[in-house]
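One file, start.cif, carrying mmCIF, C-alpha atoms:
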```
data_query
loop_
_atom_site.group_PDB
_atom_site.id
_atom_site.type_symbol
_atom_site.label_atom_id
_atom_site.label_comp_id
_atom_site.auth_asym_id
_atom_site.auth_seq_id
_atom_site.Cartn_x
_atom_site.Cartn_y
_atom_site.Cartn_z
ATOM 1 C CA MET A 535 2.002 -8.624 -3.828
ATOM 2 C CA PHE A 536 3.093 -10.960 -1.052
ATOM 3 C CA GLY A 537 1.231 -14.105 -2.042
ATOM 4 C CA ILE A 538 -2.077 -13.296 -0.344
ATOM 5 C CA THR A 539 -5.017 -13.754 -2.681
ATOM 6 C CA LEU A 540 -8.569 -12.547 -2.665
ATOM 7 C CA ASP A 541 -11.339 -14.995 -1.785
ATOM 8 C CA GLN A 542 -12.009 -16.535 -5.176
ATOM 9 C CA ASN A 543 -15.666 -17.134 -4.336
ATOM 10 C CA ILE A 544 -16.425 -13.451 -4.778
ATOM 11 C CA LEU A 545 -14.628 -12.996 -8.097
ATOM 12 C CA LYS A 546 -16.969 -12.735 -11.065
ATOM 13 C CA PRO A 547 -16.212 -13.464 -14.726
ATOM 14 C CA GLU A 548 -14.756 -10.472 -16.511
ATOM 15 C CA VAL A 549 -16.948 -8.813 -19.126
ATOM 16 C CA VAL A 550 -16.109 -7.857 -22.677
ATOM 17 C CA ILE A 551 -13.981 -4.734 -22.468
ATOM 18 C CA LYS A 552 -15.035 -1.697 -24.488
ATOM 19 C CA ASP A 553 -12.681 0.441 -26.526
ATOM 20 C CA LYS A 554 -13.815 3.705 -24.921
ATOM 21 C CA TYR A 555 -14.727 4.712 -21.363
ATOM 22 C CA ASP A 556 -15.590 7.798 -19.372
ATOM 23 C CA LEU A 557 -13.188 6.654 -16.668
ATOM 24 C CA VAL A 558 -10.421 4.095 -16.304
ATOM 25 C CA ILE A 559 -9.144 3.413 -12.786
ATOM 26 C CA ILE A 560 -5.665 1.943 -12.507
ATOM 27 C CA GLY A 561 -5.436 -0.077 -9.296
ATOM 28 C CA ALA A 562 -8.073 -1.718 -7.100
ATOM 29 C CA GLY A 563 -7.159 -0.774 -3.578
ATOM 30 C CA PRO A 564 -9.800 0.798 -1.302
ATOM 31 C CA GLY A 565 -9.597 4.159 -3.056
ATOM 32 C CA GLY A 566 -9.867 2.699 -6.534
ATOM 33 C CA MET A 567 -12.844 0.542 -5.630
ATOM 34 C CA ASN A 568 -14.677 3.439 -3.994
ATOM 35 C CA ALA A 569 -13.981 5.692 -6.966
ATOM 36 C CA ALA A 570 -15.498 3.050 -9.247
ATOM 37 C CA ILE A 571 -18.656 2.853 -7.146
ATOM 38 C CA TYR A 572 -19.123 6.629 -7.132
ATOM 39 C CA ALA A 573 -18.493 6.820 -10.876
ATOM 40 C CA ALA A 574 -20.923 3.988 -11.660
ATOM 41 C CA ARG A 575 -23.633 5.513 -9.457
ATOM 42 C CA ASN A 576 -23.376 8.664 -11.574
ATOM 43 C CA GLY A 577 -23.716 6.728 -14.810
ATOM 44 C CA LEU A 578 -20.103 6.929 -15.974
ATOM 45 C CA SER A 579 -18.831 4.028 -18.032
ATOM 46 C CA THR A 580 -16.029 2.727 -15.828
ATOM 47 C CA LEU A 581 -13.207 0.201 -16.107
ATOM 48 C CA ILE A 582 -10.861 -0.971 -13.337
ATOM 49 C CA VAL A 583 -7.499 -2.416 -14.365
ATOM 50 C CA SER A 584 -5.435 -3.974 -11.571
ATOM 51 C CA LYS A 585 -2.892 -6.664 -10.742
ATOM 52 C CA ASP A 586 -4.839 -7.553 -7.590
ATOM 53 C CA ILE A 587 -7.753 -6.593 -5.391
ATOM 54 C CA GLY A 588 -7.075 -4.841 -2.102
ATOM 55 C CA GLY A 589 -3.645 -3.272 -2.510
ATOM 56 C CA GLN A 590 -1.920 -2.567 0.811
ATOM 57 C CA LEU A 591 -4.942 -3.937 2.681
ATOM 58 C CA LEU A 592 -3.664 -7.413 1.892
ATOM 59 C CA ASN A 593 -0.541 -6.698 3.958
ATOM 60 C CA THR A 594 -2.463 -5.574 7.045
ATOM 61 C CA ASN A 595 -3.333 -8.043 9.760
ATOM 62 C CA ILE A 596 -5.888 -6.226 11.900
ATOM 63 C CA ILE A 597 -7.712 -2.933 11.240
ATOM 64 C CA ASP A 598 -9.539 -1.366 14.176
ATOM 65 C CA ASN A 599 -9.994 2.224 12.976
ATOM 66 C CA TYR A 600 -12.268 1.783 9.958
ATOM 67 C CA LEU A 601 -15.785 2.814 10.949
ATOM 68 C CA GLY A 602 -18.241 -0.076 11.153
ATOM 69 C CA PHE A 603 -15.636 -2.861 10.928
ATOM 70 C CA TYR A 604 -13.797 -3.022 14.251
ATOM 71 C CA ASN A 605 -10.934 -5.524 14.508
ATOM 72 C CA ILE A 606 -11.196 -6.889 10.974
ATOM 73 C CA SER A 607 -8.359 -8.262 8.867
ATOM 74 C CA GLY A 608 -7.255 -6.303 5.828
ATOM 75 C CA GLU A 609 -8.095 -9.206 3.555
ATOM 76 C CA ALA A 610 -11.624 -9.528 4.981
ATOM 77 C CA LEU A 611 -12.248 -5.787 4.643
ATOM 78 C CA SER A 612 -11.030 -5.926 1.049
ATOM 79 C CA ASN A 613 -13.491 -8.757 0.368
ATOM 80 C CA HIS A 614 -16.347 -6.636 1.745
ATOM 81 C CA PHE A 615 -15.334 -3.766 -0.537
ATOM 82 C CA TYR A 616 -15.184 -6.027 -3.585
ATOM 83 C CA GLU A 617 -18.561 -7.598 -2.835
ATOM 84 C CA HIS A 618 -19.998 -4.077 -2.667
ATOM 85 C CA LEU A 619 -18.305 -3.203 -5.972
ATOM 86 C CA ASN A 620 -19.950 -6.143 -7.712
ATOM 87 C CA ASN A 621 -23.400 -4.637 -7.161
ATOM 88 C CA PHE A 622 -22.655 -1.996 -9.770
ATOM 89 C CA LYS A 623 -22.122 -1.995 -13.511
ATOM 90 C CA ILE A 624 -18.337 -1.731 -13.529
ATOM 91 C CA ASP A 625 -16.057 -3.455 -16.005
ATOM 92 C CA LYS A 626 -13.013 -5.122 -14.444
ATOM 93 C CA LEU A 627 -9.705 -6.453 -15.695
ATOM 94 C CA ILE A 628 -8.007 -8.148 -12.751
ATOM 95 C CA ASN A 629 -4.554 -9.734 -13.044
ATOM 96 C CA HIS A 630 -3.711 -7.193 -15.740
ATOM 97 C CA GLU A 631 -1.355 -4.227 -15.824
ATOM 98 C CA VAL A 632 -1.202 -0.914 -17.612
ATOM 99 C CA LEU A 633 1.983 -0.784 -19.681
ATOM 100 C CA SER A 634 1.761 2.804 -20.866
ATOM 101 C CA LEU A 635 -0.403 5.870 -20.537
ATOM 102 C CA LYS A 636 -0.491 8.963 -22.722
ATOM 103 C CA LYS A 637 -2.931 11.694 -23.655
ATOM 104 C CA GLU A 638 -3.820 12.513 -27.244
ATOM 105 C CA ASN A 639 -6.173 15.435 -27.780
ATOM 106 C CA SER A 640 -9.005 14.944 -25.284
ATOM 107 C CA PHE A 641 -8.558 11.190 -24.693
ATOM 108 C CA PHE A 642 -6.130 9.081 -22.738
ATOM 109 C CA LYS A 643 -4.699 6.060 -24.543
ATOM 110 C CA ILE A 644 -4.052 3.207 -22.152
ATOM 111 C CA LYS A 645 -2.045 0.209 -23.318
ATOM 112 C CA LEU A 646 -2.759 -2.957 -21.322
ATOM 113 C CA SER A 647 -0.607 -6.007 -20.682
ATOM 114 C CA ASN A 648 -2.857 -7.982 -23.063
ATOM 115 C CA GLU A 649 -1.804 -5.481 -25.788
ATOM 116 C CA LYS A 650 -5.295 -3.987 -25.968
ATOM 117 C CA ILE A 651 -5.509 -0.189 -26.116
ATOM 118 C CA ILE A 652 -8.319 1.543 -24.240
ATOM 119 C CA ASN A 653 -9.458 5.130 -24.766
ATOM 120 C CA SER A 654 -10.788 7.073 -21.813
ATOM 121 C CA LYS A 655 -11.934 10.619 -21.131
ATOM 122 C CA SER A 656 -10.368 10.489 -17.667
ATOM 123 C CA VAL A 657 -8.062 8.358 -15.534
ATOM 124 C CA ILE A 658 -7.642 7.799 -11.805
ATOM 125 C CA LEU A 659 -4.239 6.518 -10.713
ATOM 126 C CA SER A 660 -4.620 4.296 -7.636
ATOM 127 C CA THR A 661 -1.407 2.294 -7.834
ATOM 128 C CA GLY A 662 -0.321 2.593 -4.196
ATOM 129 C CA GLY A 663 3.273 1.837 -3.308
ATOM 130 C CA ASN A 664 5.841 -0.787 -2.382
ATOM 131 C CA PRO A 665 7.631 -1.172 0.962
ATOM 132 C CA ARG A 666 10.525 1.229 1.373
ATOM 133 C CA LYS A 667 13.975 -0.345 1.720
ATOM 134 C CA LEU A 668 16.762 0.433 4.187
ATOM 135 C CA ASN A 669 19.314 0.217 1.356
ATOM 136 C CA VAL A 670 22.049 -1.194 3.587
ATOM 137 C CA PRO A 671 24.536 -4.026 2.896
ATOM 138 C CA GLY A 672 22.983 -7.465 3.152
ATOM 139 C CA GLU A 673 19.372 -6.344 2.776
ATOM 140 C CA LEU A 674 18.860 -7.475 -0.800
ATOM 141 C CA GLU A 675 20.762 -10.736 -0.348
ATOM 142 C CA LEU A 676 18.815 -11.748 2.772
ATOM 143 C CA THR A 677 15.347 -10.690 1.695
ATOM 144 C CA GLY A 678 13.208 -13.798 2.079
ATOM 145 C CA LYS A 679 15.932 -15.367 4.232
ATOM 146 C CA GLY A 680 15.078 -13.566 7.445
ATOM 147 C CA VAL A 681 14.423 -10.073 6.082
ATOM 148 C CA SER A 682 10.761 -9.293 5.442
ATOM 149 C CA TYR A 683 8.477 -6.345 4.734
ATOM 150 C CA CYS A 684 5.232 -8.072 5.660
ATOM 151 C CA VAL A 685 4.386 -9.347 9.142
ATOM 152 C CA ILE A 686 1.072 -10.834 8.069
ATOM 153 C CA CYS A 687 2.881 -12.845 5.387
ATOM 154 C CA ASP A 688 5.946 -14.035 7.291
ATOM 155 C CA GLY A 689 5.437 -13.391 11.005
ATOM 156 C CA ALA A 690 4.160 -16.882 11.824
ATOM 157 C CA PHE A 691 7.509 -18.380 10.801
ATOM 158 C CA TYR A 692 9.133 -16.778 13.856
ATOM 159 C CA LYS A 693 7.026 -18.233 16.640
ATOM 160 C CA GLY A 694 9.097 -18.408 19.838
ATOM 161 C CA ARG A 695 12.038 -16.588 18.259
ATOM 162 C CA ASP A 696 13.596 -13.116 18.490
ATOM 163 C CA VAL A 697 12.831 -10.477 15.874
ATOM 164 C CA ILE A 698 13.486 -6.811 15.142
ATOM 165 C CA VAL A 699 11.028 -4.301 13.706
ATOM 166 C CA VAL A 700 12.472 -1.196 12.051
ATOM 167 C CA GLY A 701 10.394 1.974 12.198
ATOM 168 C CA GLY A 702 8.409 4.087 14.604
ATOM 169 C CA GLY A 703 5.165 4.925 12.831
ATOM 170 C CA ASN A 704 1.811 3.181 12.990
ATOM 171 C CA SER A 705 2.783 0.348 10.656
ATOM 172 C CA ALA A 706 5.899 -0.487 12.681
ATOM 173 C CA LEU A 707 4.102 -0.319 16.031
ATOM 174 C CA GLU A 708 1.241 -2.457 14.736
ATOM 175 C CA ALA A 709 3.755 -4.970 13.386
ATOM 176 C CA ALA A 710 5.541 -5.137 16.750
ATOM 177 C CA LEU A 711 2.282 -5.673 18.630
ATOM 178 C CA ASP A 712 1.163 -8.391 16.212
ATOM 179 C CA LEU A 713 4.483 -10.191 16.525
ATOM 180 C CA SER A 714 4.568 -9.916 20.326
ATOM 181 C CA LYS A 715 1.650 -12.342 20.547
ATOM 182 C CA TYR A 716 3.710 -15.313 19.373
ATOM 183 C CA VAL A 717 7.433 -14.482 19.159
ATOM 184 C CA ASN A 718 9.802 -14.594 22.122
ATOM 185 C CA LYS A 719 10.965 -10.994 21.891
ATOM 186 C CA VAL A 720 10.420 -7.974 19.660
ATOM 187 C CA HIS A 721 13.009 -5.229 19.542
ATOM 188 C CA ILE A 722 12.160 -1.975 17.739
ATOM 189 C CA ILE A 723 14.824 0.130 16.013
ATOM 190 C CA GLN A 724 13.720 3.733 15.426
ATOM 191 C CA ASN A 725 15.965 6.386 13.908
ATOM 192 C CA LEU A 726 14.208 9.310 15.658
ATOM 193 C CA ASN A 727 14.176 10.178 19.353
ATOM 194 C CA LYS A 728 10.496 9.240 19.657
ATOM 195 C CA PHE A 729 7.807 7.106 18.068
ATOM 196 C CA THR A 730 5.612 8.864 15.514
ATOM 197 C CA GLY A 731 2.555 6.586 15.613
ATOM 198 C CA ASP A 732 -0.766 7.053 17.389
ATOM 199 C CA LYS A 733 -0.630 7.473 21.165
ATOM 200 C CA LEU A 734 -2.844 4.408 21.644
ATOM 201 C CA LEU A 735 -0.309 2.224 19.832
ATOM 202 C CA ILE A 736 2.673 3.809 21.584
ATOM 203 C CA ASP A 737 1.112 3.109 24.980
ATOM 204 C CA GLN A 738 0.412 -0.492 24.005
ATOM 205 C CA VAL A 739 4.006 -0.993 22.854
ATOM 206 C CA ILE A 740 5.465 0.508 26.021
ATOM 207 C CA ASN A 741 3.260 -1.698 28.184
ATOM 208 C CA THR A 742 3.945 -4.954 26.313
ATOM 209 C CA LYS A 743 6.506 -6.938 28.297
ATOM 210 C CA ASN A 744 8.286 -8.656 25.426
ATOM 211 C CA ILE A 745 8.753 -5.483 23.349
ATOM 212 C CA THR A 746 11.929 -3.425 23.816
ATOM 213 C CA TYR A 747 13.255 -0.577 21.720
ATOM 214 C CA ASP A 748 16.225 1.601 20.801
ATOM 215 C CA LEU A 749 15.555 5.195 19.756
ATOM 216 C CA ASN A 750 18.039 7.355 17.820
ATOM 217 C CA SER A 751 19.252 4.121 16.249
ATOM 218 C CA THR A 752 19.772 2.817 12.734
ATOM 219 C CA ILE A 753 20.710 -0.484 11.152
ATOM 220 C CA SER A 754 23.932 -0.125 9.170
ATOM 221 C CA LYS A 755 24.446 -3.722 8.046
ATOM 222 C CA ILE A 756 22.456 -6.965 7.814
ATOM 223 C CA ILE A 757 24.614 -10.037 8.303
ATOM 224 C CA GLY A 758 24.147 -13.682 7.351
ATOM 225 C CA ASP A 759 25.035 -16.361 4.822
ATOM 226 C CA GLU A 760 22.119 -18.558 3.818
ATOM 227 C CA ALA A 761 19.966 -16.980 6.529
ATOM 228 C CA LEU A 762 19.895 -13.859 8.681
ATOM 229 C CA LYS A 763 22.139 -14.075 11.751
ATOM 230 C CA LYS A 764 22.525 -10.574 13.140
ATOM 231 C CA VAL A 765 22.331 -6.866 12.400
ATOM 232 C CA GLU A 766 24.809 -4.087 13.022
ATOM 233 C CA VAL A 767 23.155 -1.161 14.799
ATOM 234 C CA ILE A 768 24.422 2.367 15.321
ATOM 235 C CA SER A 769 22.862 3.638 18.531
ATOM 236 C CA ASN A 770 23.809 7.015 19.995
ATOM 237 C CA ASP A 771 27.039 6.959 17.969
ATOM 238 C CA LYS A 772 27.983 3.503 19.251
ATOM 239 C CA ILE A 773 28.076 0.379 17.087
ATOM 240 C CA LYS A 774 26.722 -2.918 18.382
ATOM 241 C CA ASP A 775 25.679 -6.266 16.924
ATOM 242 C CA ILE A 776 22.322 -7.835 17.754
ATOM 243 C CA ASN A 777 21.776 -11.539 17.084
ATOM 244 C CA ILE A 778 18.354 -11.966 15.545
ATOM 245 C CA ASP A 779 16.181 -14.509 13.740
ATOM 246 C CA GLY A 780 13.900 -12.185 11.794
ATOM 247 C CA LEU A 781 13.960 -8.575 10.622
ATOM 248 C CA PHE A 782 10.767 -6.753 9.647
ATOM 249 C CA ILE A 783 11.245 -3.416 7.885
ATOM 250 C CA GLU A 784 8.280 -1.063 8.356
ATOM 251 C CA ILE A 785 9.475 2.385 7.299
ATOM 252 C CA GLY A 786 6.763 3.392 4.873
ATOM 253 C CA ILE A 787 6.288 2.906 1.168
ATOM 254 C CA THR A 788 7.745 4.035 -2.135
ATOM 255 C CA PRO A 789 4.959 5.305 -4.426
ATOM 256 C CA ASN A 790 4.263 3.420 -7.644
ATOM 257 C CA SER A 791 4.375 6.530 -9.806
ATOM 258 C CA LYS A 792 6.653 5.327 -12.591
ATOM 259 C CA LEU A 793 3.753 5.057 -15.046
ATOM 260 C CA VAL A 794 3.128 8.817 -14.918
ATOM 261 C CA LYS A 795 6.590 10.195 -14.125
ATOM 262 C CA ASP A 796 6.780 11.954 -17.505
ATOM 263 C CA LEU A 797 3.165 13.139 -17.472
ATOM 264 C CA VAL A 798 2.574 14.870 -14.135
ATOM 265 C CA ASP A 799 4.363 16.767 -11.401
ATOM 266 C CA LEU A 800 6.046 14.639 -8.716
ATOM 267 C CA ASN A 801 7.524 15.814 -5.428
ATOM 268 C CA GLU A 802 10.964 14.951 -4.031
ATOM 269 C CA PHE A 803 9.628 11.600 -2.818
ATOM 270 C CA ASN A 804 8.267 10.715 -6.282
ATOM 271 C CA GLU A 805 4.729 11.109 -4.983
ATOM 272 C CA VAL A 806 2.159 12.440 -7.453
ATOM 273 C CA VAL A 807 1.243 16.012 -6.570
ATOM 274 C CA VAL A 808 -2.542 16.529 -6.399
ATOM 275 C CA ASP A 809 -4.844 19.375 -5.445
ATOM 276 C CA ASN A 810 -7.882 19.281 -3.148
ATOM 277 C CA ASN A 811 -9.893 17.545 -5.888
ATOM 278 C CA GLN A 812 -7.192 14.867 -6.404
ATOM 279 C CA GLN A 813 -6.408 16.443 -9.792
ATOM 280 C CA THR A 814 -2.829 16.138 -11.037
ATOM 281 C CA SER A 815 -1.013 18.686 -13.174
ATOM 282 C CA LEU A 816 -2.433 16.999 -16.295
ATOM 283 C CA LYS A 817 -6.098 17.755 -16.914
ATOM 284 C CA GLY A 818 -8.272 14.654 -16.672
ATOM 285 C CA LEU A 819 -5.693 12.605 -14.776
ATOM 286 C CA TYR A 820 -6.383 12.169 -11.068
ATOM 287 C CA ALA A 821 -4.461 10.289 -8.382
ATOM 288 C CA ILE A 822 -5.521 8.918 -4.997
ATOM 289 C CA GLY A 823 -4.130 7.033 -2.020
ATOM 290 C CA ASP A 824 -0.537 6.103 -1.260
ATOM 291 C CA VAL A 825 0.820 7.131 -4.661
ATOM 292 C CA THR A 826 0.018 10.796 -3.940
ATOM 293 C CA ASN A 827 1.465 13.529 -1.764
ATOM 294 C CA ASN A 828 -1.574 13.406 0.522
ATOM 295 C CA LYS A 829 -0.211 13.692 4.058
ATOM 296 C CA TYR A 830 -2.084 10.841 5.727
ATOM 297 C CA LYS A 831 -1.763 7.356 4.243
ATOM 298 C CA GLN A 832 -4.834 5.636 5.647
ATOM 299 C CA VAL A 833 -7.606 3.416 4.273
ATOM 300 C CA ILE A 834 -10.206 6.062 5.028
ATOM 301 C CA THR A 835 -8.288 8.869 3.312
ATOM 302 C CA ALA A 836 -7.726 6.759 0.177
ATOM 303 C CA ILE A 837 -11.440 5.980 0.069
ATOM 304 C CA SER A 838 -12.302 9.639 0.541
ATOM 305 C CA GLY A 839 -9.919 10.580 -2.257
ATOM 306 C CA GLY A 840 -11.584 8.070 -4.564
ATOM 307 C CA ALA A 841 -15.004 9.601 -3.927
ATOM 308 C CA ILE A 842 -13.725 13.146 -4.456
ATOM 309 C CA ALA A 843 -11.962 12.279 -7.711
ATOM 310 C CA ALA A 844 -14.973 10.421 -9.131
ATOM 311 C CA LEU A 845 -17.376 13.211 -8.223
ATOM 312 C CA GLU A 846 -15.081 15.815 -9.793
ATOM 313 C CA ILE A 847 -14.748 13.735 -12.964
ATOM 314 C CA ASN A 848 -18.522 13.337 -13.161
ATOM 315 C CA LYS A 849 -18.987 17.111 -12.818
ATOM 316 C CA ASN A 850 -16.438 17.842 -15.546
ATOM 317 C CA ILE A 851 -17.780 15.258 -17.993
ATOM 318 C CA LYS A 852 -21.414 16.252 -17.570
#
```

Encoded form using structure tokens:
Amino acid sequence: MFGITLDQNILKPEVVIKDKYDLVIIGAGPGGMNAAIYAARNGLSTLIVSKDIGGQLLNTNIIDNYLGFYNISGEALSNHFYEHLNNFKIDKLINHEVLSLKKENSFFKIKLSNEKIINSKSVILSTGGNPRKLNVPGELELTGKGVSYCVICDGAFYKGRDVIVVGGGNSALEAALDLSKYVNKVHIIQNLNKFTGDKLLIDQVINTKNITYDLNSTISKIIGDEALKKVEVISNDKIKDINIDGLFIEIGITPNSKLVKDLVDLNEFNEVVVDNNQQTSLKGLYAIGDVTNNKYKQVITAISGGAIAALEINKNIK
């Protein structure tokens, strides 16, 4: 999504794609890859269709809460997952997209970006999400000119400079801590009266000398011509300008649910509503990870969801 690519040494040639499958998985993030492994182990004919390998993992610098892989980069963890995946008989179409999805009788018809149509008894949607925007003046115009949604992609450009991170959850706190290692100063803007991330991260932020923060604050305008110059901040009902070199927006994600918006129930955030088995409102269509209304958006919960969905599909098919 942001120009980070999977280690090409572990990619294998794609196989001839069948016309019919037991399961098609749309998206190859952690949840999608784990679902494929569980499905293949149970003998289900399985196809993964995805634009990339890794999903949101590719936008994560360091992961220290995934069991067995302490302090590993998101890209490296994704490579481990994909290497594991390649030990199983799983068909893969990488660098492809699903253009449309519909159900006719007992089969799903899946139209791919190469114009091929695949039939499948079941589908798992693992399409993740895209970074949520502030939707304030100047944001769109200055994206890529000082405004970023990915510290791992763009953080190194701001060595020795002053930056702002917007948000107060885990992703924002992790971004601030990553940046603090090489920028001059990190200032956090959080719209609530407290941080909402893990206590460990909050304590680290508070104790990092070059990180400051404003709570109960929002950015109302992003200002610059060819490059970002400053932001207008409303803090405790007062307006102030902060001169800044870089702005990193870390306020969550918008789910990529457009493909199924007319097929399944969505909540007010356009997240796909699933039950405890990851089943959507349409029989045979499951959803996992960041695209769903699952409360916790974590690597481990996406992986768990993938296992649950694949096991449920196997039970229903057999």

Exercise. Between CA of Asp748 in chain A and CA of Ile723 in chain A, what is the distance, to one decimal in Å?
Worked result: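 For CA of Asp748 in chain A relative to CA of Ile723 in chain A, the distance reads 5.2 Å.
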
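Interatomic distance, CA of Ser634 in chain A to CA of Ala562 in chain A: 17.5 Å.
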
For this session: For a cut-off of 10 Å around (26.6, -0.8, 10.9), file coordinates, pick out all residues using all atoms listed in the file and list them as an NGL selection string.
Result: :A and (670-671 or 752-757 or 765-769 or 772-775)

Expected file: the selected residues, C-alpha atoms, as a short mmCIF file (atom, residue, chain, number, x, y, z; two decimals), in the coordinates of the input:
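Now in again26.cif:
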```cif
data_model
loop_
_atom_site.label_atom_id
_atom_site.label_comp_id
_atom_site.auth_asym_id
_atom_site.auth_seq_id
_atom_site.Cartn_x
_atom_site.Cartn_y
_atom_site.Cartn_z
CA VAL A 670 22.05 -1.19 3.59
CA PRO A 671 24.54 -4.03 2.90
CA THR A 752 19.77 2.82 12.73
CA ILE A 753 20.71 -0.48 11.15
CA SER A 754 23.93 -0.12 9.17
CA LYS A 755 24.45 -3.72 8.05
CA ILE A 756 22.46 -6.96 7.81
CA ILE A 757 24.61 -10.04 8.30
CA VAL A 765 22.33 -6.87 12.40
CA GLU A 766 24.81 -4.09 13.02
CA VAL A 767 23.16 -1.16 14.80
CA ILE A 768 24.42 2.37 15.32
CA SER A 769 22.86 3.64 18.53
CA LYS A 772 27.98 3.50 19.25
CA ILE A 773 28.08 0.38 17.09
CA LYS A 774 26.72 -2.92 18.38
CA ASP A 775 25.68 -6.27 16.92
#
```

Residues of range 550-613 of chain A that approach range 779-795 of chain A to 12 Å or less, counting all atoms listed in the file: could you list each one with the shortest pair of atoms and its distance in Å to one decimal, rows by chain and increasing residue number, as a tab-separated table?
```
residue	atom	partner	partner_atom	distance
A:Ile560	CA	A:Leu793	CA	10.2
A:Gly561	CA	A:Asn790	CA	10.4
A:Gly589	CA	A:Asn790	CA	11.6
A:Gln590	CA	A:Ile787	CA	9.9
A:Asn593	CA	A:Glu784	CA	11.4
A:Thr594	CA	A:Glu784	CA	11.7
```

Output C-alpha atoms of each residue in that selection to a file, as a PDB file, in the frame of the given file.
```
ATOM      1  CA  ILE A 560      -5.665   1.943 -12.507  1.00  0.00           C
ATOM      2  CA  GLY A 561      -5.436  -0.077  -9.296  1.00  0.00           C
ATOM      3  CA  GLY A 589      -3.645  -3.272  -2.510  1.00  0.00           C
ATOM      4  CA  GLN A 590      -1.920  -2.567   0.811  1.00  0.00           C
ATOM      5  CA  ASN A 593      -0.541  -6.698   3.958  1.00  0.00           C
ATOM      6  CA  THR A 594      -2.463  -5.574   7.045  1.00  0.00           C
TER       7      THR A 594
END
```

Exercise. To one decimal place, how far is CA of Ala610 in chain A from CA of Cys684 in chain A in Å?
Worked result: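 Going from CA of Ala610 in chain A over to CA of Cys684 in chain A covers 16.9 Å.
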
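Considering all atoms listed in the file, the residue among A:Ala843, A:Ile834, A:Leu797, A:Ala690 positioned nearest to Pro564 in chain A is A:Ile834.
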
Exercise. Taking the file as shown, what set of residues would the PyMOL selection byres ((chain A and resi 709) around 9) give back, as a PyMOL selection string?
Worked result: chain A and resi 594-595+684-686+689+699+704-708+710-714+782+784

For this session: List every protein, DNA or RNA residue with an atom no more than 7 Å from (-6.6, 1.6, -4.0) in the file's coordinates, counting only C-alpha atoms, and format the result as a list of chain:residue names.
Result: A:Gly561, A:Ala562, A:Gly563, A:Pro564, A:Gly565, A:Gly566, A:Met567, A:Gly588, A:Gly589, A:Ser660, A:Thr661, A:Gly662, A:Gly823, A:Ala836

Problem set entry | Test item: residues at most 7 Å from Ala761 in chain A, all atoms listed in the file, excluding those fewer than 2 positions along its chain, as a PyMOL selection string | chain A and resi 676+679-680+758-759+763

For this session: Could you list the residues chosen by the PyMOL selection byres ((chain A and resi 694) around 8) in this structure as a PyMOL selection string?
Result: chain A and resi 692-693+695-696+716-719
